[in-house]
Amino acid sequence: MCSGAAIPAMDIYNKNHVLMITTSSTAIQVTAAGYQNVFRTVANDELQATVTVDYLTKELGVKTLALVHDQSIYGQTIAESVKAKFEAAGGTTTDIQGLTRGDTDFSAVISTVLAKNPEAIYWGGMDAEGALLVNQLRKAGFTGVFFGPDGIKSVPSFVEASGGAAEGAYMTFGAVGGATGYEEFEAKFVEKYGSKPVAYGPGAYDATMIMLNAAKAVATVDSEGNLVIPKKALADTVRATPHDGITGHLEFDEKGDLKVVSITVFKVENGDIVPVKVYDFGK
């Protein structure tokens, strides 16, 4: 699920020619190796950082930014990418600090970061620490913009867990456009499980269907009645075959990234997460 696990795992999968489609590993390194058996159905962090900086500078008029990350491959990488792009856009980064996943008291980091009075704080990490961080920031008197990546896009584990402090926070989340059949999928999902799918559930469904359709296309039965699915042919078919799924049109490039993708900026309003602007990439 996460970049920190996907990156070491994919080395093993590649060595053994095992097909991998990750639905939520956004770190740039996931497809940078160029493995022919690795794909993802989500936008990478380079695009998330681009969108974040554009929205901060052009829509919110932010000129000074502090960054906090969880020191993971995912969190630190995207925070550093946002920092570089924000500075390239003419903004000033006042600080970048790392904290440890699993910790609950961020007062030392918060004191250091707020001492330089940034207009906005970017969090590179997941929802559990993000909820605690925004809560403690507000209690410490920070009234500026709180912005994060897809790792915090959750009502239960970020918005509600923050105790109301996440109200007004922003986040990015990657998705593809032109979805077909999503409403039917969601209705069946709710009927079966009693709640709507979480952030990457629909993408995981599409990834599964891509795998199954590719397997069906290349499978043969040998003379002894065994089902044979050639590993290289399976991966080659995934790359060569566009798929119209419930999250939209999915088509991979040579690296295993999506050719067409969109990233939405969301905002927490009245305890819910609502879209405020969509950025489209690719053709």
# chains A, B, ... in the order shown; residues from 1 in each chain; ligands from 1

$ residues_around --residues "Arg239 (chain A)" --least-positions-apart "5" --cutoff "10 Å" --atoms "only C-alpha atoms" --output "PyMOL selection string"
chain A and resi 36-39+210+214+233-234+251-258

$ closest_atom_pairs --of "region 149-249 of chain A" --to "region 15-30 of chain A" --cutoff "7 Å" --atoms "only C-alpha atoms" --output "JSON lines"
{"residue": "A:Tyr200", "atom": "CA", "partner": "A:Thr23", "partner_atom": "CA", "distance": 6.4}
{"residue": "A:Gly203", "atom": "CA", "partner": "A:Thr23", "partner_atom": "CA", "distance": 5.7}
{"residue": "A:Ala204", "atom": "CA", "partner": "A:Thr23", "partner_atom": "CA", "distance": 5.6}
{"residue": "A:Ala207", "atom": "CA", "partner": "A:Ile21", "partner_atom": "CA", "distance": 6.4}
{"residue": "A:Lys231", "atom": "CA", "partner": "A:His17", "partner_atom": "CA", "distance": 6.2}
{"residue": "A:Ala235", "atom": "CA", "partner": "A:Leu19", "partner_atom": "CA", "distance": 6.0}

$ closest_residue --among "A:Pro275, A:Gly75, A:Gly144, A:Pro149" --to "Ala120 (chain A)" --atoms "only C-alpha atoms"
A:Gly144

$ select_by_dssp --residues "region 71-276 of chain A" --states "strand (DSSP E)" --output "number ranges by chain"
A: 92-98, 120-124, 145-148, 170-175, 220-221, 227-228, 243-245, 248-250, 261-269, 272-276

$ closest_residue --among "A:Lys192, A:His243, A:Lys267, A:Lys232" --to "Thr208 (chain A)" --atoms "only C-alpha atoms"
A:His243

$ decode --residues "region 78-130 of chain A" --atoms "C-alpha atoms" --output "short mmCIF file (atom, residue, chain, number, x, y, z; two decimals), in the first residue's frame"
data_model
loop_
_atom_site.label_atom_id
_atom_site.label_comp_id
_atom_site.auth_asym_id
_atom_site.auth_seq_id
_atom_site.Cartn_x
_atom_site.Cartn_y
_atom_site.Cartn_z
CA ILE A 78 7.11 14.90 -0.93
CA ALA A 79 7.95 17.56 1.67
CA GLU A 80 11.36 18.12 0.08
CA SER A 81 9.77 18.29 -3.37
CA VAL A 82 7.25 20.90 -2.17
CA LYS A 83 10.10 22.87 -0.60
CA ALA A 84 12.13 22.91 -3.81
CA LYS A 85 9.17 23.89 -5.98
CA PHE A 86 7.97 26.55 -3.53
CA GLU A 87 11.40 28.20 -3.52
CA ALA A 88 11.60 27.94 -7.32
CA ALA A 89 8.26 29.76 -7.49
CA GLY A 90 9.73 32.65 -5.48
CA GLY A 91 8.48 31.66 -2.04
CA THR A 92 10.51 31.48 1.16
CA THR A 93 10.70 28.30 3.24
CA THR A 94 11.29 29.21 6.86
CA ASP A 95 12.05 25.73 8.18
CA ILE A 96 11.83 21.99 7.50
CA GLN A 97 11.61 19.61 10.45
CA GLY A 98 11.25 15.85 10.85
CA LEU A 99 9.29 14.02 13.51
CA THR A 100 8.86 10.33 14.30
CA ARG A 101 5.87 8.21 13.35
CA GLY A 102 4.14 6.94 16.45
CA ASP A 103 5.08 9.92 18.61
CA THR A 104 2.22 11.94 20.10
CA ASP A 105 3.90 15.06 21.48
CA PHE A 106 5.20 17.40 18.78
CA SER A 107 5.65 20.47 20.99
CA ALA A 108 9.40 20.79 20.35
CA VAL A 109 9.00 20.72 16.57
CA ILE A 110 6.02 23.06 16.72
CA SER A 111 7.87 25.57 18.90
CA THR A 112 10.79 25.62 16.47
CA VAL A 113 8.61 25.96 13.39
CA LEU A 114 6.30 28.67 14.75
CA ALA A 115 9.22 30.78 15.99
CA LYS A 116 9.78 31.86 12.38
CA ASN A 117 6.12 32.82 11.85
CA PRO A 118 5.29 31.04 8.56
CA GLU A 119 2.03 31.82 6.77
CA ALA A 120 1.50 28.14 5.99
CA ILE A 121 2.71 24.76 7.18
CA TYR A 122 3.01 21.75 4.90
CA TRP A 123 2.80 18.29 6.45
CA GLY A 124 4.51 15.42 4.66
CA GLY A 125 3.05 12.28 6.21
CA MET A 126 -0.02 10.26 7.11
CA ASP A 127 -3.32 10.97 8.83
CA ALA A 128 -2.59 9.75 12.38
CA GLU A 129 0.31 12.13 13.00
CA GLY A 130 -1.30 14.76 10.78
#
